[in-house]
>>> print(open('structure.cif').read())   # mmCIF, C-alpha atoms
data_upload
loop_
_atom_site.group_PDB
_atom_site.id
_atom_site.type_symbol
_atom_site.label_atom_id
_atom_site.label_comp_id
_atom_site.auth_asym_id
_atom_site.auth_seq_id
_atom_site.Cartn_x
_atom_site.Cartn_y
_atom_site.Cartn_z
ATOM 1 C CA MET V 298 0.000 0.000 0.000
ATOM 2 C CA GLU V 299 1.586 3.254 -1.077
ATOM 3 C CA GLN V 300 1.929 5.945 1.533
ATOM 4 C CA ARG V 301 -0.815 8.327 0.538
ATOM 5 C CA VAL V 302 -4.453 9.307 0.950
ATOM 6 C CA SER V 303 -6.667 9.976 -2.068
ATOM 7 C CA LEU V 304 -9.959 11.113 -0.593
ATOM 8 C CA ILE V 305 -11.341 12.145 2.766
ATOM 9 C CA SER V 306 -15.090 11.528 2.746
ATOM 10 C CA LEU V 307 -17.065 13.385 5.382
ATOM 11 C CA GLY V 308 -20.498 11.962 6.101
ATOM 12 C CA VAL V 309 -23.099 14.719 6.289
ATOM 13 C CA ASP V 310 -26.744 14.931 7.271
ATOM 14 C CA ASP V 311 -27.694 17.817 4.992
ATOM 15 C CA LEU V 312 -25.560 18.183 1.882
ATOM 16 C CA ALA V 313 -26.754 21.695 1.046
ATOM 17 C CA ARG V 314 -26.014 22.909 4.568
ATOM 18 C CA SER V 315 -22.532 21.385 4.582
ATOM 19 C CA LYS V 316 -21.721 22.607 1.085
ATOM 20 C CA ALA V 317 -22.808 26.111 2.067
ATOM 21 C CA PHE V 318 -20.620 25.945 5.159
ATOM 22 C CA TYR V 319 -17.440 25.075 3.271
ATOM 23 C CA GLU V 320 -18.259 27.561 0.522
ATOM 24 C CA GLU V 321 -18.735 30.258 3.146
ATOM 25 C CA LEU V 322 -15.193 29.423 4.271
ATOM 26 C CA GLY V 323 -14.015 30.096 0.745
ATOM 27 C CA TRP V 324 -13.838 26.581 -0.653
ATOM 28 C CA ARG V 325 -15.014 25.866 -4.180
ATOM 29 C CA GLY V 326 -16.108 22.401 -5.248
ATOM 30 C CA GLN V 327 -18.188 20.482 -7.729
ATOM 31 C CA GLU V 328 -21.540 18.933 -6.899
ATOM 32 C CA VAL V 329 -22.445 15.814 -8.821
ATOM 33 C CA GLU V 330 -25.007 13.173 -7.964
ATOM 34 C CA GLU V 331 -25.628 14.451 -4.427
ATOM 35 C CA THR V 332 -21.919 14.529 -3.695
ATOM 36 C CA VAL V 333 -19.618 17.526 -3.368
ATOM 37 C CA PHE V 334 -15.959 17.166 -4.341
ATOM 38 C CA PHE V 335 -13.327 19.685 -3.232
ATOM 39 C CA GLN V 336 -9.830 19.444 -4.693
ATOM 40 C CA THR V 337 -7.512 19.980 -1.712
ATOM 41 C CA GLY V 338 -3.957 19.804 -2.964
ATOM 42 C CA GLY V 339 -3.138 16.304 -4.108
ATOM 43 C CA LEU V 340 -6.267 14.724 -2.724
ATOM 44 C CA ALA V 341 -9.966 15.530 -2.430
ATOM 45 C CA VAL V 342 -12.362 16.203 0.408
ATOM 46 C CA VAL V 343 -15.784 14.765 -0.356
ATOM 47 C CA LEU V 344 -19.144 15.551 1.243
ATOM 48 C CA TRP V 345 -21.639 12.723 0.986
ATOM 49 C CA SER V 346 -24.675 11.553 2.895
ATOM 50 C CA ARG V 347 -23.582 9.912 6.123
ATOM 51 C CA GLU V 348 -26.166 7.168 5.523
ATOM 52 C CA LYS V 349 -24.934 6.486 2.003
ATOM 53 C CA LEU V 350 -21.323 6.557 3.101
ATOM 54 C CA ALA V 351 -22.076 3.920 5.733
ATOM 55 C CA ASP V 352 -24.211 1.877 3.347
ATOM 56 C CA ASP V 353 -21.474 1.940 0.737
ATOM 57 C CA ALA V 354 -18.981 0.512 3.209
ATOM 58 C CA GLU V 355 -21.652 -1.799 4.627
ATOM 59 C CA VAL V 356 -21.087 -0.576 8.155
ATOM 60 C CA PRO V 357 -23.908 0.390 10.541
ATOM 61 C CA ALA V 358 -24.497 4.131 10.218
ATOM 62 C CA GLY V 359 -25.013 4.372 13.974
ATOM 63 C CA ASP V 360 -26.102 7.512 15.744
ATOM 64 C CA ARG V 361 -26.255 10.780 13.901
ATOM 65 C CA ASP V 362 -24.225 12.273 16.707
ATOM 66 C CA PRO V 363 -21.803 9.513 17.664
ATOM 67 C CA GLY V 364 -19.600 11.836 19.690
ATOM 68 C CA PHE V 365 -15.898 11.957 18.967
ATOM 69 C CA GLY V 366 -15.182 9.747 15.965
ATOM 70 C CA GLY V 367 -11.497 9.532 16.726
ATOM 71 C CA ILE V 368 -10.303 11.561 13.738
ATOM 72 C CA VAL V 369 -9.213 15.192 13.669
ATOM 73 C CA LEU V 370 -8.390 17.033 10.455
ATOM 74 C CA ALA V 371 -5.873 19.827 10.774
ATOM 75 C CA HIS V 372 -5.545 22.966 8.707
ATOM 76 C CA ASN V 373 -2.147 24.541 9.299
ATOM 77 C CA VAL V 374 -1.533 28.211 8.665
ATOM 78 C CA ARG V 375 1.473 30.502 8.673
ATOM 79 C CA SER V 376 0.858 32.654 11.736
ATOM 80 C CA ILE V 377 -0.930 32.867 15.070
ATOM 81 C CA VAL V 378 -3.067 35.698 13.750
ATOM 82 C CA GLU V 379 -4.230 33.507 10.896
ATOM 83 C CA VAL V 380 -5.317 30.773 13.341
ATOM 84 C CA ASP V 381 -7.654 33.197 15.072
ATOM 85 C CA GLU V 382 -8.860 34.554 11.743
ATOM 86 C CA VAL V 383 -9.794 31.103 10.435
ATOM 87 C CA LEU V 384 -11.475 30.142 13.718
ATOM 88 C CA ALA V 385 -13.521 33.351 13.601
ATOM 89 C CA ALA V 386 -14.420 32.796 9.949
ATOM 90 C CA ALA V 387 -15.532 29.253 10.744
ATOM 91 C CA GLU V 388 -17.787 30.492 13.520
ATOM 92 C CA ARG V 389 -19.287 33.116 11.244
ATOM 93 C CA ALA V 390 -19.962 30.336 8.734
ATOM 94 C CA GLY V 391 -21.839 28.373 11.406
ATOM 95 C CA ALA V 392 -19.164 26.178 12.954
ATOM 96 C CA ARG V 393 -19.395 25.220 16.593
ATOM 97 C CA ARG V 394 -16.443 26.520 18.576
ATOM 98 C CA VAL V 395 -14.715 23.565 20.168
ATOM 99 C CA ARG V 396 -11.673 25.202 21.720
ATOM 100 C CA ALA V 397 -10.393 28.742 21.361
ATOM 101 C CA GLY V 398 -6.899 29.301 20.041
ATOM 102 C CA ARG V 399 -4.061 29.089 22.523
ATOM 103 C CA GLU V 400 -0.388 28.205 22.738
ATOM 104 C CA THR V 401 0.471 24.540 22.361
ATOM 105 C CA PHE V 402 3.008 22.325 24.090
ATOM 106 C CA TYR V 403 5.082 22.144 20.884
ATOM 107 C CA GLY V 404 5.608 25.877 20.677
ATOM 108 C CA GLY V 405 2.782 26.571 18.278
ATOM 109 C CA TYR V 406 -0.744 27.926 18.546
ATOM 110 C CA ALA V 407 -3.985 26.103 17.769
ATOM 111 C CA GLY V 408 -7.744 26.049 18.200
ATOM 112 C CA PHE V 409 -10.569 23.754 17.131
ATOM 113 C CA PHE V 410 -13.973 23.989 15.518
ATOM 114 C CA ALA V 411 -16.596 21.447 14.510
ATOM 115 C CA ASP V 412 -18.312 21.595 11.138
ATOM 116 C CA PRO V 413 -22.131 21.262 10.898
ATOM 117 C CA ASP V 414 -21.868 17.483 11.248
ATOM 118 C CA GLY V 415 -19.489 17.568 14.181
ATOM 119 C CA HIS V 416 -16.333 16.760 12.211
ATOM 120 C CA VAL V 417 -13.517 18.306 14.233
ATOM 121 C CA TRP V 418 -10.978 20.590 12.562
ATOM 122 C CA GLU V 419 -7.853 21.866 14.239
ATOM 123 C CA VAL V 420 -6.517 25.179 12.976
ATOM 124 C CA ALA V 421 -2.854 25.365 13.854
ATOM 125 C CA HIS V 422 0.318 27.324 13.451
ATOM 126 C CA ASN V 423 3.264 24.981 13.973
ATOM 127 C CA PRO V 424 6.576 26.716 13.299
ATOM 128 C CA GLY V 425 8.269 23.308 13.054
ATOM 129 C CA PHE V 426 6.173 22.112 10.124
ATOM 130 C CA THR V 427 7.018 23.793 6.845
ATOM 131 C CA LEU V 428 4.123 25.002 4.730
ATOM 132 C CA GLN V 429 5.177 25.301 1.111
ATOM 133 C CA LEU V 430 3.910 28.165 -1.026
ATOM 134 C CA ASP V 431 1.245 25.851 -2.463
ATOM 135 C CA GLY V 432 0.070 24.962 1.047
ATOM 136 C CA THR V 433 1.504 21.468 1.162
ATOM 137 C CA LEU V 434 3.019 20.452 4.481
ATOM 138 C CA THR V 435 6.459 18.900 4.859
ATOM 139 C CA LEU V 436 7.306 17.183 8.109
ATOM 140 C CA PRO V 437 10.689 17.955 9.644
ATOM 141 C CA ASP V 438 13.295 15.281 10.182
ATOM 142 C CA PHE V 439 12.694 14.621 13.854
ATOM 143 C CA GLY V 440 15.937 12.696 13.995
ATOM 144 C CA THR V 441 14.307 9.838 15.861
ATOM 145 C CA THR V 442 14.321 7.065 13.289
ATOM 146 C CA MET C 232 -9.652 29.325 4.959
ATOM 147 C CA GLU C 233 -7.529 27.949 2.158
ATOM 148 C CA GLN C 234 -8.744 24.806 0.451
ATOM 149 C CA ARG C 235 -6.424 22.205 1.899
ATOM 150 C CA VAL C 236 -5.832 19.689 4.663
ATOM 151 C CA SER C 237 -2.517 19.579 6.542
ATOM 152 C CA LEU C 238 -2.848 16.603 8.861
ATOM 153 C CA ILE C 239 -5.187 13.683 9.393
ATOM 154 C CA SER C 240 -4.866 12.560 13.001
ATOM 155 C CA LEU C 241 -6.129 9.076 13.753
ATOM 156 C CA GLY C 242 -6.860 8.384 17.400
ATOM 157 C CA VAL C 243 -5.450 5.031 18.455
ATOM 158 C CA ASP C 244 -5.692 2.874 21.542
ATOM 159 C CA ASP C 245 -2.280 1.227 21.238
ATOM 160 C CA LEU C 246 0.334 3.260 19.391
ATOM 161 C CA ALA C 247 2.767 0.372 18.924
ATOM 162 C CA ARG C 248 0.037 -1.848 17.482
ATOM 163 C CA SER C 249 -1.151 0.831 15.065
ATOM 164 C CA LYS C 250 2.363 1.801 14.035
ATOM 165 C CA ALA C 251 3.172 -1.850 13.359
ATOM 166 C CA PHE C 252 0.011 -2.168 11.269
ATOM 167 C CA TYR C 253 0.843 0.731 8.953
ATOM 168 C CA GLU C 254 4.483 -0.330 8.762
ATOM 169 C CA GLU C 255 3.378 -3.823 7.788
ATOM 170 C CA LEU C 256 1.494 -2.150 4.942
ATOM 171 C CA GLY C 257 4.747 -0.583 3.817
ATOM 172 C CA TRP C 258 4.444 2.862 5.343
ATOM 173 C CA ARG C 259 7.453 4.511 6.947
ATOM 174 C CA GLY C 260 7.072 7.233 9.564
ATOM 175 C CA GLN C 261 8.758 8.946 12.441
ATOM 176 C CA GLU C 262 7.860 8.349 16.074
ATOM 177 C CA VAL C 263 8.372 11.268 18.406
ATOM 178 C CA GLU C 264 6.846 11.839 21.841
ATOM 179 C CA GLU C 265 4.352 8.973 21.564
ATOM 180 C CA THR C 266 3.181 10.186 18.174
ATOM 181 C CA VAL C 267 3.830 8.689 14.752
ATOM 182 C CA PHE C 268 3.994 10.976 11.712
ATOM 183 C CA PHE C 269 3.699 9.637 8.164
ATOM 184 C CA GLN C 270 4.366 11.995 5.258
ATOM 185 C CA THR C 271 1.608 11.228 2.754
ATOM 186 C CA GLY C 272 2.094 13.440 -0.252
ATOM 187 C CA GLY C 273 1.492 17.063 0.659
ATOM 188 C CA LEU C 274 0.045 16.310 4.083
ATOM 189 C CA ALA C 275 0.692 13.977 6.983
ATOM 190 C CA VAL C 276 -1.184 11.131 8.632
ATOM 191 C CA VAL C 277 -0.604 11.128 12.370
ATOM 192 C CA LEU C 278 -1.193 8.357 14.894
ATOM 193 C CA TRP C 279 -1.807 9.608 18.419
ATOM 194 C CA SER C 280 -3.555 8.360 21.511
ATOM 195 C CA ARG C 281 -7.298 8.652 21.077
ATOM 196 C CA GLU C 282 -7.566 9.967 24.651
ATOM 197 C CA LYS C 283 -4.902 12.611 24.103
ATOM 198 C CA LEU C 284 -6.395 13.621 20.770
ATOM 199 C CA ALA C 285 -9.761 14.165 22.445
ATOM 200 C CA ASP C 286 -8.191 15.927 25.444
ATOM 201 C CA ASP C 287 -6.255 18.230 23.138
ATOM 202 C CA ALA C 288 -9.435 19.300 21.398
ATOM 203 C CA GLU C 289 -11.295 19.324 24.727
ATOM 204 C CA VAL C 290 -13.995 17.023 23.436
ATOM 205 C CA PRO C 291 -15.275 13.978 25.351
ATOM 206 C CA ALA C 292 -13.290 10.944 24.205
ATOM 207 C CA GLY C 293 -16.466 8.854 24.316
ATOM 208 C CA ASP C 294 -16.523 5.124 23.748
ATOM 209 C CA ARG C 295 -13.458 3.338 22.541
ATOM 210 C CA ASP C 296 -15.609 1.792 19.849
ATOM 211 C CA PRO C 297 -18.013 4.563 18.874
ATOM 212 C CA GLY C 298 -19.142 2.771 15.737
ATOM 213 C CA PHE C 299 -19.009 4.589 12.435
ATOM 214 C CA GLY C 300 -17.391 7.967 12.996
ATOM 215 C CA GLY C 301 -18.720 9.377 9.754
ATOM 216 C CA ILE C 302 -15.362 9.658 7.988
ATOM 217 C CA VAL C 303 -13.908 7.306 5.381
ATOM 218 C CA LEU C 304 -10.367 7.666 4.049
ATOM 219 C CA ALA C 305 -9.827 6.411 0.521
ATOM 220 C CA HIS C 306 -6.689 5.043 -1.035
ATOM 221 C CA ASN C 307 -7.040 5.017 -4.817
ATOM 222 C CA VAL C 308 -4.979 2.682 -6.970
ATOM 223 C CA ARG C 309 -4.443 2.185 -10.684
ATOM 224 C CA SER C 310 -6.150 -1.149 -11.311
ATOM 225 C CA ILE C 311 -8.756 -3.588 -10.032
ATOM 226 C CA VAL C 312 -6.052 -6.134 -9.313
ATOM 227 C CA GLU C 313 -4.288 -3.626 -7.095
ATOM 228 C CA VAL C 314 -7.476 -3.051 -5.072
ATOM 229 C CA ASP C 315 -7.626 -6.730 -4.193
ATOM 230 C CA GLU C 316 -3.888 -6.807 -3.503
ATOM 231 C CA VAL C 317 -4.080 -3.926 -1.042
ATOM 232 C CA LEU C 318 -7.153 -5.381 0.663
ATOM 233 C CA ALA C 319 -5.367 -8.713 1.056
ATOM 234 C CA ALA C 320 -2.228 -7.024 2.353
ATOM 235 C CA ALA C 321 -4.290 -5.090 4.877
ATOM 236 C CA GLU C 322 -5.892 -8.271 6.145
ATOM 237 C CA ARG C 323 -2.506 -9.937 6.448
ATOM 238 C CA ALA C 324 -1.369 -6.924 8.474
ATOM 239 C CA GLY C 325 -4.312 -7.404 10.834
ATOM 240 C CA ALA C 326 -7.041 -5.244 9.350
ATOM 241 C CA ARG C 327 -10.662 -6.235 9.742
ATOM 242 C CA ARG C 328 -12.301 -6.881 6.394
ATOM 243 C CA VAL C 329 -15.252 -4.533 6.077
ATOM 244 C CA ARG C 330 -16.386 -5.204 2.517
ATOM 245 C CA ALA C 331 -14.724 -7.267 -0.176
ATOM 246 C CA GLY C 332 -13.842 -5.611 -3.450
ATOM 247 C CA ARG C 333 -16.563 -5.349 -6.063
ATOM 248 C CA GLU C 334 -17.663 -3.163 -8.941
ATOM 249 C CA THR C 335 -19.049 0.246 -8.046
ATOM 250 C CA PHE C 336 -21.915 2.279 -9.425
ATOM 251 C CA TYR C 337 -19.467 4.766 -10.973
ATOM 252 C CA GLY C 338 -17.743 2.167 -13.091
ATOM 253 C CA GLY C 339 -14.890 1.471 -10.732
ATOM 254 C CA TYR C 340 -14.017 -1.206 -8.223
ATOM 255 C CA ALA C 341 -13.628 -0.825 -4.460
ATOM 256 C CA GLY C 342 -13.481 -2.588 -1.120
ATOM 257 C CA PHE C 343 -13.089 -1.521 2.496
ATOM 258 C CA PHE C 344 -11.048 -2.451 5.535
ATOM 259 C CA ALA C 345 -10.840 -1.146 9.087
ATOM 260 C CA ASP C 346 -7.516 -0.465 10.772
ATOM 261 C CA PRO C 347 -6.878 -1.738 14.337
ATOM 262 C CA ASP C 348 -8.864 1.166 15.786
ATOM 263 C CA GLY C 349 -11.797 0.807 13.430
ATOM 264 C CA HIS C 350 -10.861 3.675 11.108
ATOM 265 C CA VAL C 351 -12.413 2.758 7.778
ATOM 266 C CA TRP C 352 -10.324 2.832 4.608
ATOM 267 C CA GLU C 353 -11.732 2.424 1.125
ATOM 268 C CA VAL C 354 -9.377 0.977 -1.466
ATOM 269 C CA ALA C 355 -10.627 2.011 -4.878
ATOM 270 C CA HIS C 356 -9.901 2.025 -8.544
ATOM 271 C CA ASN C 357 -11.808 4.877 -10.143
ATOM 272 C CA PRO C 358 -10.966 5.255 -13.831
ATOM 273 C CA GLY C 359 -12.480 8.751 -13.802
ATOM 274 C CA PHE C 360 -10.076 10.104 -11.189
ATOM 275 C CA THR C 361 -6.547 10.636 -12.481
ATOM 276 C CA LEU C 362 -3.729 9.401 -10.307
ATOM 277 C CA GLN C 363 -0.529 11.239 -11.141
ATOM 278 C CA LEU C 364 2.797 9.414 -11.148
ATOM 279 C CA ASP C 365 3.470 10.724 -7.635
ATOM 280 C CA GLY C 366 0.144 9.345 -6.423
ATOM 281 C CA THR C 367 -1.677 12.642 -6.139
ATOM 282 C CA LEU C 368 -5.287 12.603 -7.258
ATOM 283 C CA THR C 369 -6.815 15.112 -9.645
ATOM 284 C CA LEU C 370 -10.571 15.370 -9.855
ATOM 285 C CA PRO C 371 -12.104 15.522 -13.320
ATOM 286 C CA ASP C 372 -14.119 18.502 -14.466
ATOM 287 C CA PHE C 373 -17.593 17.106 -13.890
ATOM 288 C CA GLY C 374 -19.050 19.968 -15.908
ATOM 289 C CA THR C 375 -21.676 20.637 -13.280
ATOM 290 C CA THR C 376 -20.570 23.945 -11.825
#
>>> encode(input="structure.cif", output="structure tokens")
Amino acid sequence: MEQRVSLISLGVDDLARSKAFYEELGWRGQEVEETVFFQTGGLAVVLWSREKLADDAEVPAGDRDPGFGGIVLAHNVRSIVEVDEVLAAAERAGARRVRAGRETFYGGYAGFFADPDGHVWEVAHNPGFTLQLDGTLTLPDFGTT
Amino acid sequence: MEQRVSLISLGVDDLARSKAFYEELGWRGQEVEETVFFQTGGLAVVLWSREKLADDAEVPAGDRDPGFGGIVLAHNVRSIVEVDEVLAAAERAGARRVRAGRETFYGGYAGFFADPDGHVWEVAHNPGFTLQLDGTLTLPDFGTT
């Protein structure tokens, strides 16, 4: 298995609501057959009915609000100011504030919001992780392996 | 908010077990401070304690097995044969088979497995989605927007 991810599919309860949320944040995607595809660098974020997503994988859809699903998506930015700006923009777009921005143990600054379906996003400035001009992230050599 | 994802953090119950699983699949990462970082194209997949991930975001960690968390990660490959190969490799590495490979409604072929913590991966061949030589995925122009 090659070391890469091709798509991140987020199960949603109301496609129009979720599409509007991400568009309000400035994202632009394509809607086709009740699915919204956003090109995000070298992969895609996909919005699709939570029920259909579960049915497709043949897993029980479970509760609409299952609590913490054990996955956090992070959006890294280039400055502390930008963390607060994105968190504020997310709230204006209808996100639930999960945790306000504050300094982190690794010398950065981060806060969290939840999208309309409860998917948790971290917005972070981590001076140790290089963001290229095109927004791709390159891990440092931690020197541990 | 720019249209990109920087990190995908997967909450795990046993870091060594999860690290071994992804390494068995051929991935190579760096472990630092009880965290494993895998560079996956222009972003990183991170393994971290589910409890710590929840604590960091200040959300209730909830059940260890919350059922379907509403997110599916996809790993697209270049052929049907490769879908079955990756699914088989995942099972050999200890994955739970979620759904065997079969043809999809969009003219592709896909199956699903769950990693040791239940995170669901789709392994798919989608002839409509271009995989570049470096593994990055480019969405087609669906002509709908």
>>> closest_atom_pairs(input="structure.cif", of="stretch 309-413 of chain V", to="stretch 255-279 of chain C", cutoff="9 Å", atoms="all atoms listed in the file", output="CSV")
residue,atom,partner,partner_atom,distance
V:Gly338,CA,C:Gly273,CA,7.1
V:Gly339,CA,C:Gly273,CA,6.7
V:Leu340,CA,C:Gly273,CA,8.8
>>> resolve_selection(input="structure.cif", expression="the PyMOL selection byres ((chain V) within 6 of (chain C))", output="PDB file with C-alpha atoms, in the frame of the given file")
ATOM      1  CA  MET V 298       0.000   0.000   0.000  1.00  0.00           C
ATOM      2  CA  GLN V 300       1.929   5.945   1.533  1.00  0.00           C
ATOM      3  CA  ARG V 301      -0.815   8.327   0.538  1.00  0.00           C
ATOM      4  CA  VAL V 302      -4.453   9.307   0.950  1.00  0.00           C
ATOM      5  CA  SER V 303      -6.667   9.976  -2.068  1.00  0.00           C
ATOM      6  CA  LEU V 304      -9.959  11.113  -0.593  1.00  0.00           C
ATOM      7  CA  ILE V 305     -11.341  12.145   2.766  1.00  0.00           C
ATOM      8  CA  SER V 306     -15.090  11.528   2.746  1.00  0.00           C
ATOM      9  CA  LEU V 307     -17.065  13.385   5.382  1.00  0.00           C
ATOM     10  CA  GLY V 308     -20.498  11.962   6.101  1.00  0.00           C
ATOM     11  CA  LEU V 322     -15.193  29.423   4.271  1.00  0.00           C
ATOM     12  CA  TRP V 324     -13.838  26.581  -0.653  1.00  0.00           C
ATOM     13  CA  GLN V 327     -18.188  20.482  -7.729  1.00  0.00           C
ATOM     14  CA  THR V 337      -7.512  19.980  -1.712  1.00  0.00           C
ATOM     15  CA  GLY V 338      -3.957  19.804  -2.964  1.00  0.00           C
ATOM     16  CA  GLY V 339      -3.138  16.304  -4.108  1.00  0.00           C
ATOM     17  CA  LEU V 340      -6.267  14.724  -2.724  1.00  0.00           C
ATOM     18  CA  ALA V 358     -24.497   4.131  10.218  1.00  0.00           C
ATOM     19  CA  PHE V 365     -15.898  11.957  18.967  1.00  0.00           C
ATOM     20  CA  GLY V 366     -15.182   9.747  15.965  1.00  0.00           C
ATOM     21  CA  GLY V 367     -11.497   9.532  16.726  1.00  0.00           C
ATOM     22  CA  ILE V 368     -10.303  11.561  13.738  1.00  0.00           C
ATOM     23  CA  VAL V 369      -9.213  15.192  13.669  1.00  0.00           C
ATOM     24  CA  LEU V 370      -8.390  17.033  10.455  1.00  0.00           C
ATOM     25  CA  ALA V 371      -5.873  19.827  10.774  1.00  0.00           C
ATOM     26  CA  HIS V 372      -5.545  22.966   8.707  1.00  0.00           C
ATOM     27  CA  ASN V 373      -2.147  24.541   9.299  1.00  0.00           C
ATOM     28  CA  VAL V 383      -9.794  31.103  10.435  1.00  0.00           C
ATOM     29  CA  THR V 433       1.504  21.468   1.162  1.00  0.00           C
ATOM     30  CA  LEU V 434       3.019  20.452   4.481  1.00  0.00           C
ATOM     31  CA  THR V 442      14.321   7.065  13.289  1.00  0.00           C
TER      32      THR V 442
END
>>> atom_distance(input="structure.cif", atom1="atom CA of V:Arg375", atom2="atom CA of V:Gly425")
10.8 Å
>>> atom_distance(input="structure.cif", atom1="atom CA of C:Pro358", atom2="atom CA of C:Val312")
13.2 Å
>>> atom_distance(input="structure.cif", atom1="atom CA of C:Ala326", atom2="atom CA of C:Ser310")
21.1 Å
>>> axis_aligned_box(input="structure.cif", around="stretch 417-429 of chain V", padding_each_side="4 Å", output="JSON")
{"center_x": -2.6, "center_y": 22.8, "center_z": 7.7, "size_x": 29.8, "size_y": 17.0, "size_z": 21.1}
